[in-house]
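Student: protein.cif is reproduced below (mmCIF, C-alpha atoms).
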```cif
data_query
#
loop_
_atom_site.group_PDB
_atom_site.id
_atom_site.type_symbol
_atom_site.label_atom_id
_atom_site.label_comp_id
_atom_site.auth_asym_id
_atom_site.auth_seq_id
_atom_site.Cartn_x
_atom_site.Cartn_y
_atom_site.Cartn_z
ATOM 1 C CA MET A 318 -4.076 13.059 -5.876
ATOM 2 C CA CYS A 319 -2.988 16.274 -7.571
ATOM 3 C CA GLY A 320 -2.524 19.821 -6.337
ATOM 4 C CA PHE A 321 -3.332 23.274 -7.663
ATOM 5 C CA VAL A 322 -2.983 26.942 -6.784
ATOM 6 C CA ALA A 323 -4.959 29.794 -8.329
ATOM 7 C CA VAL A 324 -5.230 33.530 -7.843
ATOM 8 C CA LEU A 325 -8.364 35.277 -9.129
ATOM 9 C CA ASP A 326 -9.234 38.957 -9.450
ATOM 10 C CA PRO A 327 -11.952 39.942 -11.949
ATOM 11 C CA ASP A 328 -11.346 43.644 -11.248
ATOM 12 C CA GLY A 329 -7.548 43.767 -11.220
ATOM 13 C CA ASP A 330 -4.440 42.562 -13.035
ATOM 14 C CA VAL A 331 -2.651 39.556 -11.486
ATOM 15 C CA THR A 332 -0.009 39.152 -14.215
ATOM 16 C CA ALA A 333 2.846 40.152 -11.901
ATOM 17 C CA LEU A 334 1.875 37.353 -9.486
ATOM 18 C CA ARG A 335 2.793 34.550 -11.888
ATOM 19 C CA PRO A 336 6.202 33.820 -10.229
ATOM 20 C CA ARG A 337 4.545 33.730 -6.811
ATOM 21 C CA VAL A 338 1.790 31.391 -7.979
ATOM 22 C CA LEU A 339 4.372 29.036 -9.481
ATOM 23 C CA ALA A 340 6.417 29.124 -6.274
ATOM 24 C CA GLN A 341 3.363 28.248 -4.195
ATOM 25 C CA ALA A 342 2.485 25.456 -6.631
ATOM 26 C CA ARG A 343 5.968 23.993 -6.219
ATOM 27 C CA SER A 344 5.180 23.550 -2.520
ATOM 28 C CA LEU A 345 2.585 21.002 -3.692
ATOM 29 C CA ARG A 346 4.933 19.044 -5.963
ATOM 30 C CA HIS A 347 4.649 16.012 -3.645
ATOM 31 C CA ARG A 348 0.968 15.801 -4.643
ATOM 32 C CA GLY A 349 1.682 15.757 -8.371
ATOM 33 C CA PRO A 350 5.173 14.797 -9.525
ATOM 34 C CA ASP A 351 4.197 13.847 -13.093
ATOM 35 C CA TRP A 352 3.460 17.237 -14.671
ATOM 36 C CA SER A 353 3.518 20.948 -13.861
ATOM 37 C CA GLY A 354 1.294 23.283 -15.869
ATOM 38 C CA VAL A 355 0.043 26.864 -15.760
ATOM 39 C CA GLN A 356 -2.531 29.029 -17.539
ATOM 40 C CA ALA A 357 -2.223 32.773 -16.999
ATOM 41 C CA ASP A 358 -4.630 35.590 -17.879
ATOM 42 C CA PRO A 359 -4.694 39.211 -16.685
ATOM 43 C CA HIS A 360 -7.416 38.345 -14.154
ATOM 44 C CA ALA A 361 -6.566 34.735 -13.268
ATOM 45 C CA ILE A 362 -3.574 32.409 -12.949
ATOM 46 C CA LEU A 363 -4.062 28.653 -12.470
ATOM 47 C CA ALA A 364 -1.101 26.357 -11.743
ATOM 48 C CA HIS A 365 -1.400 22.576 -11.463
ATOM 49 C CA GLU A 366 0.798 19.730 -10.197
ATOM 50 C CA ARG A 367 -0.396 16.443 -11.673
ATOM 51 C CA LEU A 368 -0.392 12.862 -10.518
ATOM 52 C CA ALA A 369 -1.335 11.039 -13.734
ATOM 53 C CA ILE A 370 -4.005 8.350 -13.255
ATOM 54 C CA VAL A 371 -6.426 8.545 -16.202
ATOM 55 C CA ASP A 372 -5.199 9.400 -19.732
ATOM 56 C CA VAL A 373 -1.606 9.567 -18.560
ATOM 57 C CA GLN A 374 -0.284 10.922 -21.862
ATOM 58 C CA HIS A 375 -2.802 13.661 -22.669
ATOM 59 C CA GLY A 376 -4.622 14.658 -19.486
ATOM 60 C CA ALA A 377 -2.242 17.421 -18.387
ATOM 61 C CA GLN A 378 -3.766 20.374 -16.555
ATOM 62 C CA PRO A 379 -4.928 23.098 -16.437
ATOM 63 C CA LEU A 380 -7.427 21.913 -19.044
ATOM 64 C CA VAL A 381 -8.768 24.388 -21.614
ATOM 65 C CA SER A 382 -12.118 24.042 -23.382
ATOM 66 C CA MET A 383 -12.203 23.558 -27.147
ATOM 67 C CA ASN A 384 -13.291 27.167 -27.702
ATOM 68 C CA GLY A 385 -10.585 28.437 -25.337
ATOM 69 C CA GLN A 386 -13.078 30.257 -23.111
ATOM 70 C CA HIS A 387 -12.837 28.091 -19.987
ATOM 71 C CA VAL A 388 -9.790 26.985 -17.971
ATOM 72 C CA LEU A 389 -9.969 24.217 -15.361
ATOM 73 C CA ALA A 390 -7.733 22.882 -12.584
ATOM 74 C CA VAL A 391 -8.950 19.783 -10.712
ATOM 75 C CA ASN A 392 -7.783 17.517 -7.940
ATOM 76 C CA GLY A 393 -9.690 14.238 -7.774
ATOM 77 C CA GLU A 394 -11.506 11.725 -9.947
ATOM 78 C CA ILE A 395 -14.885 11.779 -11.715
ATOM 79 C CA TYR A 396 -16.079 8.180 -11.568
ATOM 80 C CA ASN A 397 -19.050 8.545 -13.923
ATOM 81 C CA HIS A 398 -17.264 10.653 -16.532
ATOM 82 C CA ARG A 399 -18.045 8.221 -19.350
ATOM 83 C CA GLU A 400 -21.784 8.423 -18.672
ATOM 84 C CA LEU A 401 -21.558 12.218 -18.528
ATOM 85 C CA ARG A 402 -19.497 12.353 -21.740
ATOM 86 C CA ALA A 403 -22.302 10.560 -23.574
ATOM 87 C CA ASP A 404 -24.334 13.799 -23.466
ATOM 88 C CA PHE A 405 -21.811 15.567 -25.707
ATOM 89 C CA ALA A 406 -20.319 15.129 -29.168
ATOM 90 C CA VAL A 407 -16.978 13.344 -29.383
ATOM 91 C CA ASP A 408 -15.256 16.435 -30.759
ATOM 92 C CA THR A 409 -16.183 18.298 -27.562
ATOM 93 C CA PHE A 410 -13.109 16.772 -25.885
ATOM 94 C CA ARG A 411 -9.373 17.082 -26.357
ATOM 95 C CA THR A 412 -8.470 14.152 -24.060
ATOM 96 C CA ASP A 413 -9.815 11.023 -22.377
ATOM 97 C CA SER A 414 -9.281 12.603 -18.974
ATOM 98 C CA ASP A 415 -12.104 12.022 -16.527
ATOM 99 C CA CYS A 416 -11.866 15.638 -15.331
ATOM 100 C CA GLU A 417 -12.357 17.246 -18.753
ATOM 101 C CA VAL A 418 -16.089 16.470 -18.680
ATOM 102 C CA LEU A 419 -16.516 19.308 -16.173
ATOM 103 C CA LEU A 420 -15.807 21.847 -18.943
ATOM 104 C CA PRO A 421 -18.764 21.041 -21.239
ATOM 105 C CA LEU A 422 -21.000 20.480 -18.225
ATOM 106 C CA TYR A 423 -20.260 24.018 -17.077
ATOM 107 C CA ALA A 424 -20.712 25.456 -20.571
ATOM 108 C CA ALA A 425 -24.035 23.678 -21.104
ATOM 109 C CA HIS A 426 -25.479 25.110 -17.878
ATOM 110 C CA VAL A 427 -23.630 28.425 -17.655
ATOM 111 C CA ASP A 428 -26.867 30.415 -17.335
ATOM 112 C CA GLN A 429 -28.174 28.187 -14.549
ATOM 113 C CA SER A 430 -27.136 27.497 -10.987
ATOM 114 C CA PRO A 431 -24.274 24.941 -10.939
ATOM 115 C CA GLY A 432 -26.087 23.035 -8.213
ATOM 116 C CA ALA A 433 -28.126 20.891 -10.589
ATOM 117 C CA TRP A 434 -25.258 19.598 -12.716
ATOM 118 C CA LEU A 435 -22.838 19.287 -9.808
ATOM 119 C CA ASN A 436 -25.236 16.800 -8.248
ATOM 120 C CA ARG A 437 -24.848 14.646 -11.357
ATOM 121 C CA VAL A 438 -21.094 14.325 -10.821
ATOM 122 C CA ASN A 439 -20.150 11.127 -9.014
ATOM 123 C CA GLY A 440 -16.655 11.471 -7.663
ATOM 124 C CA MET A 441 -14.242 13.025 -5.224
ATOM 125 C CA PHE A 442 -13.091 16.408 -6.437
ATOM 126 C CA ALA A 443 -12.117 19.985 -5.788
ATOM 127 C CA PHE A 444 -11.758 22.377 -8.696
ATOM 128 C CA VAL A 445 -11.471 25.955 -9.858
ATOM 129 C CA LEU A 446 -12.815 26.927 -13.288
ATOM 130 C CA TRP A 447 -12.025 30.313 -14.855
ATOM 131 C CA ASP A 448 -14.505 31.695 -17.384
ATOM 132 C CA ARG A 449 -12.528 34.032 -19.644
ATOM 133 C CA GLN A 450 -15.553 35.292 -21.544
ATOM 134 C CA ARG A 451 -17.622 36.188 -18.467
ATOM 135 C CA ASN A 452 -14.691 37.224 -16.283
ATOM 136 C CA ASP A 453 -16.061 34.852 -13.664
ATOM 137 C CA TRP A 454 -15.040 31.745 -11.786
ATOM 138 C CA LEU A 455 -16.568 28.603 -10.301
ATOM 139 C CA ILE A 456 -15.064 26.877 -7.277
ATOM 140 C CA ALA A 457 -16.557 23.600 -6.024
ATOM 141 C CA ARG A 458 -15.831 20.697 -3.696
ATOM 142 C CA ASP A 459 -17.256 17.169 -3.612
ATOM 143 C CA PRO A 460 -20.338 16.454 -1.468
ATOM 144 C CA ILE A 461 -18.604 15.136 1.663
ATOM 145 C CA GLY A 462 -15.206 16.786 1.326
ATOM 146 C CA VAL A 463 -12.975 13.839 0.462
ATOM 147 C CA ILE A 464 -10.666 16.165 -1.472
ATOM 148 C CA PRO A 465 -9.174 19.148 0.415
ATOM 149 C CA LEU A 466 -9.678 22.745 -0.685
ATOM 150 C CA TYR A 467 -8.730 26.075 0.877
ATOM 151 C CA THR A 468 -9.430 29.693 -0.036
ATOM 152 C CA GLY A 469 -7.916 32.916 1.224
ATOM 153 C CA ARG A 470 -7.607 36.639 0.588
ATOM 154 C CA ASP A 471 -4.344 38.534 0.278
ATOM 155 C CA ALA A 472 -3.693 42.143 1.345
ATOM 156 C CA GLU A 473 -5.097 43.376 -1.991
ATOM 157 C CA ASP A 474 -8.293 41.338 -1.490
ATOM 158 C CA ARG A 475 -7.474 38.961 -4.354
ATOM 159 C CA LEU A 476 -8.865 35.448 -3.980
ATOM 160 C CA TRP A 477 -6.406 32.550 -3.704
ATOM 161 C CA VAL A 478 -7.440 28.908 -3.991
ATOM 162 C CA ALA A 479 -5.261 25.881 -3.220
ATOM 163 C CA SER A 480 -5.250 22.179 -2.424
ATOM 164 C CA GLU A 481 -3.244 22.611 0.780
ATOM 165 C CA LEU A 482 -3.035 25.207 3.502
ATOM 166 C CA LYS A 483 0.734 25.568 3.130
ATOM 167 C CA ALA A 484 0.324 26.968 -0.381
ATOM 168 C CA LEU A 485 -1.668 29.929 0.993
ATOM 169 C CA ALA A 486 -0.052 30.554 4.380
ATOM 170 C CA GLN A 487 2.602 32.924 3.021
ATOM 171 C CA VAL A 488 0.378 34.943 0.685
ATOM 172 C CA CYS A 489 -2.955 35.343 2.464
ATOM 173 C CA VAL A 490 -4.021 37.339 5.492
ATOM 174 C CA SER A 491 -6.916 34.973 6.107
ATOM 175 C CA VAL A 492 -7.524 31.375 5.035
ATOM 176 C CA GLU A 493 -10.628 29.202 5.275
ATOM 177 C CA THR A 494 -11.502 25.610 4.508
ATOM 178 C CA PHE A 495 -13.870 25.585 1.553
ATOM 179 C CA PRO A 496 -16.923 23.642 2.792
ATOM 180 C CA PRO A 497 -17.902 20.268 1.280
ATOM 181 C CA GLY A 498 -20.841 20.118 -1.093
ATOM 182 C CA CYS A 499 -20.580 23.821 -1.947
ATOM 183 C CA TRP A 500 -19.828 26.112 -4.890
ATOM 184 C CA GLN A 501 -18.944 29.768 -5.278
ATOM 185 C CA SER A 502 -18.678 32.289 -8.114
ATOM 186 C CA ALA A 503 -17.093 35.744 -8.308
ATOM 187 C CA ALA A 504 -20.310 37.568 -7.422
ATOM 188 C CA MET A 505 -20.823 35.617 -4.183
ATOM 189 C CA THR A 506 -19.491 36.621 -0.776
ATOM 190 C CA LYS A 507 -19.687 33.073 0.587
ATOM 191 C CA PRO A 508 -20.123 29.530 -0.779
ATOM 192 C CA ALA A 509 -23.576 28.122 -1.554
ATOM 193 C CA ARG A 510 -24.576 24.544 -0.872
ATOM 194 C CA TYR A 511 -25.493 22.223 -3.753
ATOM 195 C CA TYR A 512 -25.551 19.010 -1.725
ATOM 196 C CA GLN A 513 -27.447 18.577 1.511
ATOM 197 C CA PRO A 514 -27.192 15.212 3.294
ATOM 198 C CA THR A 515 -30.386 13.887 4.824
ATOM 199 C CA TRP A 516 -30.385 12.072 8.146
ATOM 200 C CA ARG A 517 -33.029 9.587 9.170
ATOM 201 C CA ALA A 518 -33.192 6.987 11.900
ATOM 202 C CA TYR A 519 -33.152 3.442 10.542
ATOM 203 C CA SER A 520 -36.538 1.749 10.637
ATOM 204 C CA ALA A 521 -36.875 -1.973 9.992
ATOM 205 C CA VAL A 522 -40.529 -1.384 9.215
ATOM 206 C CA GLU A 523 -39.743 1.260 6.599
ATOM 207 C CA TYR A 524 -36.735 -0.417 5.017
ATOM 208 C CA GLY A 525 -37.781 -4.034 5.459
ATOM 209 C CA PRO A 526 -35.473 -6.936 6.293
ATOM 210 C CA GLU A 527 -31.795 -6.805 5.482
ATOM 211 C CA ASP A 528 -31.032 -7.600 1.840
ATOM 212 C CA PRO A 529 -27.484 -8.995 1.565
ATOM 213 C CA ALA A 530 -27.703 -9.306 -2.216
ATOM 214 C CA ALA A 531 -28.636 -5.635 -2.662
ATOM 215 C CA LEU A 532 -25.916 -4.545 -0.259
ATOM 216 C CA ARG A 533 -23.314 -6.636 -2.063
ATOM 217 C CA ALA A 534 -24.383 -5.264 -5.448
ATOM 218 C CA ALA A 535 -24.065 -1.685 -4.173
ATOM 219 C CA LEU A 536 -20.610 -2.347 -2.718
ATOM 220 C CA GLU A 537 -19.437 -4.093 -5.894
ATOM 221 C CA ALA A 538 -20.608 -1.158 -8.025
ATOM 222 C CA SER A 539 -18.837 1.349 -5.776
ATOM 223 C CA VAL A 540 -15.562 -0.592 -5.777
ATOM 224 C CA HIS A 541 -15.773 -1.017 -9.561
ATOM 225 C CA ARG A 542 -16.010 2.760 -10.057
ATOM 226 C CA HIS A 543 -12.966 3.294 -7.854
ATOM 227 C CA LEU A 544 -10.865 0.932 -9.974
ATOM 228 C CA MET A 545 -10.810 3.482 -12.815
ATOM 229 C CA SER A 546 -7.092 3.879 -13.533
ATOM 230 C CA ASP A 547 -4.568 3.677 -16.365
ATOM 231 C CA VAL A 548 -1.768 2.935 -13.884
ATOM 232 C CA PRO A 549 -1.347 0.179 -11.265
ATOM 233 C CA TYR A 550 -3.207 0.666 -8.024
ATOM 234 C CA GLY A 551 -2.899 -0.749 -4.534
ATOM 235 C CA VAL A 552 -4.841 -0.855 -1.318
ATOM 236 C CA LEU A 553 -4.049 -0.563 2.380
ATOM 237 C CA LEU A 554 -5.065 -3.833 4.053
ATOM 238 C CA SER A 555 -5.239 -3.644 7.833
ATOM 239 C CA GLY A 556 -6.772 -7.073 8.396
ATOM 240 C CA GLY A 557 -9.969 -5.550 9.790
ATOM 241 C CA LEU A 558 -13.465 -5.981 8.394
ATOM 242 C CA ASP A 559 -13.666 -2.840 6.248
ATOM 243 C CA SER A 560 -10.400 -3.127 4.347
ATOM 244 C CA SER A 561 -10.723 -6.916 4.018
ATOM 245 C CA LEU A 562 -14.145 -6.502 2.401
ATOM 246 C CA VAL A 563 -12.893 -3.846 -0.011
ATOM 247 C CA VAL A 564 -9.897 -5.992 -1.007
ATOM 248 C CA ALA A 565 -12.110 -9.039 -1.511
ATOM 249 C CA LEU A 566 -14.393 -7.099 -3.850
ATOM 250 C CA MET A 567 -11.396 -5.637 -5.690
ATOM 251 C CA GLN A 568 -9.774 -9.032 -6.193
ATOM 252 C CA ALA A 569 -13.048 -10.550 -7.413
ATOM 253 C CA GLN A 570 -13.175 -7.956 -10.212
ATOM 254 C CA ALA A 571 -9.467 -7.869 -11.082
ATOM 255 C CA ASP A 572 -7.720 -9.882 -13.793
ATOM 256 C CA ARG A 573 -4.509 -10.086 -11.766
ATOM 257 C CA SER A 574 -3.430 -10.105 -8.146
ATOM 258 C CA VAL A 575 -4.301 -6.876 -6.365
ATOM 259 C CA ARG A 576 -1.353 -5.180 -4.676
ATOM 260 C CA THR A 577 -2.027 -4.953 -0.942
ATOM 261 C CA TYR A 578 0.056 -3.266 1.744
ATOM 262 C CA SER A 579 -0.026 -3.390 5.519
ATOM 263 C CA ILE A 580 1.999 -1.937 8.359
ATOM 264 C CA GLY A 581 3.199 -4.140 11.182
ATOM 265 C CA PHE A 582 4.686 -3.001 14.479
ATOM 266 C CA SER A 583 7.646 -4.328 16.411
ATOM 267 C CA GLN A 584 5.485 -4.101 19.559
ATOM 268 C CA ARG A 585 3.305 -7.174 19.202
ATOM 269 C CA ALA A 586 0.445 -5.683 21.246
ATOM 270 C CA PHE A 587 -0.166 -3.185 18.409
ATOM 271 C CA ASP A 588 0.624 -5.505 15.504
ATOM 272 C CA GLU A 589 -2.282 -6.492 13.238
ATOM 273 C CA ALA A 590 -0.077 -7.470 10.306
ATOM 274 C CA PRO A 591 -0.590 -11.237 10.821
ATOM 275 C CA PHE A 592 -4.342 -10.794 10.325
ATOM 276 C CA ALA A 593 -3.748 -8.814 7.139
ATOM 277 C CA ALA A 594 -1.330 -11.455 5.860
ATOM 278 C CA GLU A 595 -3.927 -14.164 6.486
ATOM 279 C CA VAL A 596 -6.557 -12.243 4.507
ATOM 280 C CA ALA A 597 -4.035 -11.657 1.706
ATOM 281 C CA ARG A 598 -3.213 -15.368 1.495
ATOM 282 C CA HIS A 599 -6.890 -16.267 1.407
ATOM 283 C CA LEU A 600 -7.645 -13.787 -1.387
ATOM 284 C CA GLY A 601 -4.422 -14.374 -3.330
ATOM 285 C CA THR A 602 -3.202 -10.764 -3.370
ATOM 286 C CA ASP A 603 0.330 -9.550 -4.051
ATOM 287 C CA HIS A 604 1.044 -8.568 -0.464
ATOM 288 C CA THR A 605 3.736 -6.408 1.122
ATOM 289 C CA THR A 606 4.245 -5.887 4.847
ATOM 290 C CA LEU A 607 6.326 -3.045 6.261
ATOM 291 C CA VAL A 608 7.323 -3.108 9.937
ATOM 292 C CA MET A 609 7.296 0.137 11.887
ATOM 293 C CA GLY A 610 9.636 0.248 14.862
ATOM 294 C CA GLU A 611 10.250 2.833 17.534
ATOM 295 C CA SER A 612 12.918 4.599 15.484
ATOM 296 C CA ASP A 613 10.529 4.853 12.518
ATOM 297 C CA VAL A 614 7.878 6.469 14.700
ATOM 298 C CA LEU A 615 10.313 8.979 16.161
ATOM 299 C CA ALA A 616 11.612 9.864 12.680
ATOM 300 C CA MET A 617 8.094 10.258 11.293
ATOM 301 C CA VAL A 618 6.571 12.468 14.006
ATOM 302 C CA PRO A 619 8.456 15.696 13.088
ATOM 303 C CA ARG A 620 7.102 15.410 9.520
ATOM 304 C CA MET A 621 3.445 15.410 10.559
ATOM 305 C CA PRO A 622 2.910 19.211 10.709
ATOM 306 C CA ASP A 623 4.235 19.523 7.167
ATOM 307 C CA VAL A 624 2.116 16.620 5.896
ATOM 308 C CA TYR A 625 -1.181 17.612 7.492
ATOM 309 C CA ASP A 626 -0.793 21.422 7.728
ATOM 310 C CA GLU A 627 -3.105 21.682 10.734
ATOM 311 C CA PRO A 628 -3.742 19.759 13.993
ATOM 312 C CA PHE A 629 -4.634 16.113 13.404
ATOM 313 C CA ALA A 630 -4.603 13.691 16.322
ATOM 314 C CA ASP A 631 -5.289 10.279 14.776
ATOM 315 C CA SER A 632 -2.345 7.957 15.475
ATOM 316 C CA SER A 633 -3.016 6.123 12.195
ATOM 317 C CA GLN A 634 -1.373 9.079 10.432
ATOM 318 C CA LEU A 635 2.040 7.511 11.132
ATOM 319 C CA PRO A 636 1.550 4.104 9.457
ATOM 320 C CA THR A 637 -0.489 5.735 6.692
ATOM 321 C CA CYS A 638 2.416 8.024 5.845
ATOM 322 C CA MET A 639 4.784 5.072 5.901
ATOM 323 C CA VAL A 640 2.628 3.345 3.260
#
```
Could I get this structure in the form of structure tokens?
Tutor:
Amino acid sequence: MCGFVAVLDPDGDVTALRPRVLAQARSLRHRGPDWSGVQADPHAILAHERLAIVDVQHGAQPLVSMNGQHVLAVNGEIYNHRELRADFAVDTFRTDSDCEVLLPLYAAHVDQSPGAWLNRVNGMFAFVLWDRQRNDWLIARDPIGVIPLYTGRDAEDRLWVASELKALAQVCVSVETFPPGCWQSAAMTKPARYYQPTWRAYSAVEYGPEDPAALRAALEASVHRHLMSDVPYGVLLSGGLDSSLVVALMQAQADRSVRTYSIGFSQRAFDEAPFAAEVARHLGTDHTTLVMGESDVLAMVPRMPDVYDEPFADSSQLPTCMV
């Protein structure tokens, strides 16, 4: 994950806000300890805190297009960036970063609604793109809202955008969660939807009998996309069906032991670590178990409001934070 903060005002000068933007970005340093960057214009300031995953050496943000007209700050990953890059000349790109492909995609469709090309992007993402030439912006969030994104207005009606609520709480008079599957430009008063999920009841007659081979192929393809990384990765293994299946598919595609982690509890009634350890032994992963006792829980609870920003009542937040 990464984090970014931006302030946008196509009708006013935000230059004096640069120190404040940087201060708010520093509140997100835990999201991106590898690099801090900023791009500042009279009408827009974008600050980014990076966690380097793809193109560690050259993928620093905010990213700037080759012609200098477009500035981009992203949190997330674009899983099909190589397929999307194939539509453009090699010299279109400065880096091998997966996120940079959003810049030429925007430029190629700048006179059209972003909805069409956003639906081509396979990934989890939230981004803000500043168009210097048009004095305009594009804000967008992935279809189901995996990546967080918040927007707010300050007392001067300037738009602020950030990856966490805490980065806006001290500067905005009102803050909203930017909805999943939506985009917004400077001329719009509210976000527009580019992705609309469809819901249908399952019908054995319509879909036919279960096809384990097709299901496995789809799961393998999804896991393969998520393994895109230039740095080591790990996975939380609870010992349940879902995480065990994901780890099995990861290990089948890996050339070394996958790093797995699980949380055990000193109270045996809540402890699933033995099941996770059994799965790890069976799959041959490089497994680590951490044990959470009563003192760990009590020490972790006061941190939760700072971690999650807003009410969140799932007890799994404690072991997840320990991982």
Student: Could you check how far CA of Val596 (chain A) sits from CA of Leu554 (chain A), in Å to one decimal?
Tutor: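 Calculated distance between CA of Val596 (chain A) and CA of Leu554 (chain A) is 8.6 Å.
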Student: Please enumerate the residues selected by the PyMOL selection byres ((chain A and resi 591) around 12) when evaluated against the supplied file, formatted as JSON, numbers by chain.
Tutor: {"A": [554, 555, 556, 557, 579, 580, 581, 582, 585, 586, 587, 588, 589, 590, 592, 593, 594, 595, 596, 597, 598, 604, 605, 606, 607, 608]}
Student: Starting from the displayed file, determine the output of the PyMOL selection byres ((chain A and resi 617) around 12) and express the residue list as a PDB file with C-alpha atoms, in the frame of the given file.
Tutor:
```
ATOM      1  CA  MET A 609       7.296   0.137  11.887  1.00  0.00           C
ATOM      2  CA  GLY A 610       9.636   0.248  14.862  1.00  0.00           C
ATOM      3  CA  GLU A 611      10.250   2.833  17.534  1.00  0.00           C
ATOM      4  CA  SER A 612      12.918   4.599  15.484  1.00  0.00           C
ATOM      5  CA  ASP A 613      10.529   4.853  12.518  1.00  0.00           C
ATOM      6  CA  VAL A 614       7.878   6.469  14.700  1.00  0.00           C
ATOM      7  CA  LEU A 615      10.313   8.979  16.161  1.00  0.00           C
ATOM      8  CA  ALA A 616      11.612   9.864  12.680  1.00  0.00           C
ATOM      9  CA  VAL A 618       6.571  12.468  14.006  1.00  0.00           C
ATOM     10  CA  PRO A 619       8.456  15.696  13.088  1.00  0.00           C
ATOM     11  CA  ARG A 620       7.102  15.410   9.520  1.00  0.00           C
ATOM     12  CA  MET A 621       3.445  15.410  10.559  1.00  0.00           C
ATOM     13  CA  PRO A 622       2.910  19.211  10.709  1.00  0.00           C
ATOM     14  CA  ASP A 623       4.235  19.523   7.167  1.00  0.00           C
ATOM     15  CA  VAL A 624       2.116  16.620   5.896  1.00  0.00           C
ATOM     16  CA  SER A 632      -2.345   7.957  15.475  1.00  0.00           C
ATOM     17  CA  SER A 633      -3.016   6.123  12.195  1.00  0.00           C
ATOM     18  CA  GLN A 634      -1.373   9.079  10.432  1.00  0.00           C
ATOM     19  CA  LEU A 635       2.040   7.511  11.132  1.00  0.00           C
ATOM     20  CA  PRO A 636       1.550   4.104   9.457  1.00  0.00           C
ATOM     21  CA  THR A 637      -0.489   5.735   6.692  1.00  0.00           C
ATOM     22  CA  CYS A 638       2.416   8.024   5.845  1.00  0.00           C
ATOM     23  CA  MET A 639       4.784   5.072   5.901  1.00  0.00           C
ATOM     24  CA  VAL A 640       2.628   3.345   3.260  1.00  0.00           C
TER      25      VAL A 640
END
```
Student: Between A:Val540, A:Asp404, A:His426, A:Ala457, which is the closest to Ala390 (chain A) once you count only C-alpha atoms?
Tutor: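 Looking only at the distances to Ala390 (chain A), the closest residue turns out to be A:Ala457.
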Student: I'd like the interatomic distance between CA of Met545 (chain A) and CA of Thr602 (chain A), to a tenth of an Å.
Tutor: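 Separating CA of Met545 (chain A) from CA of Thr602 (chain A) is a distance of 18.7 Å.
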Student: For the file shown, what are the residues hit by the PyMOL selection byres ((chain A and resi 395) around 7), laid out as an MDAnalysis selection string?
Tutor: chainID A and resid 393:394 396:398 415:416 438:441
Student: Asp372 (chain A): which residues within 9 Å, counting all atoms listed in the file, same-chain residues fewer than 2 positions away excluded, as a list in words?
Tutor: Ala369, Ile370, Gln374, His375, Gly376, Ala377, Thr412, Asp413, Ser414, Asp415, Ser546 and Asp547 of chain A
Student: Give me the residues of region 502-610 of chain A that have any atom at most 12 Å from an atom of region 445-452 of chain A; for each, the nearest atom pair and the distance in Å, rounded to one decimal. Use only C-alpha atoms, sort by chain and number, and format it as a tab-separated table.
Tutor:
```
residue	atom	partner	partner_atom	distance
A:Ser502	CA	A:Leu446	CA	9.5
A:Ala503	CA	A:Asn452	CA	8.5
A:Ala504	CA	A:Asn452	CA	10.5
```
Student: Between A:Val427, A:Ala531, A:Met505, A:Leu466, which one has atoms that come closest to Lys483 (chain A), using all atoms listed in the file?
Tutor: A:Leu466
Student: Rounded to one decimal place, report the CA of Trp477 (chain A)-CA of Asn384 (chain A) distance in Å.
Tutor: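 Taking CA of Trp477 (chain A) as the start and CA of Asn384 (chain A) as the end point, the length is 25.5 Å.
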Student: Which residues are near region 328-343 of chain A? Cut-off 7 Å, only C-alpha atoms, ignore same chain within fewer than 4 positions. Put them as a list of chain:residue names.
Tutor: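 So the residues in contact are A:Phe321, A:Val322, A:Ala323, A:Asp358, A:Pro359, A:His360, A:Ala361, A:Ile362, A:Ala364, A:His365, A:Glu366, A:Ala484.
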Student: Of the residues A:Leu558, A:Met318, A:Leu363, A:Ile461, which is the one nearest to Arg510 (chain A), using all atoms listed in the file?
Tutor: A:Ile461
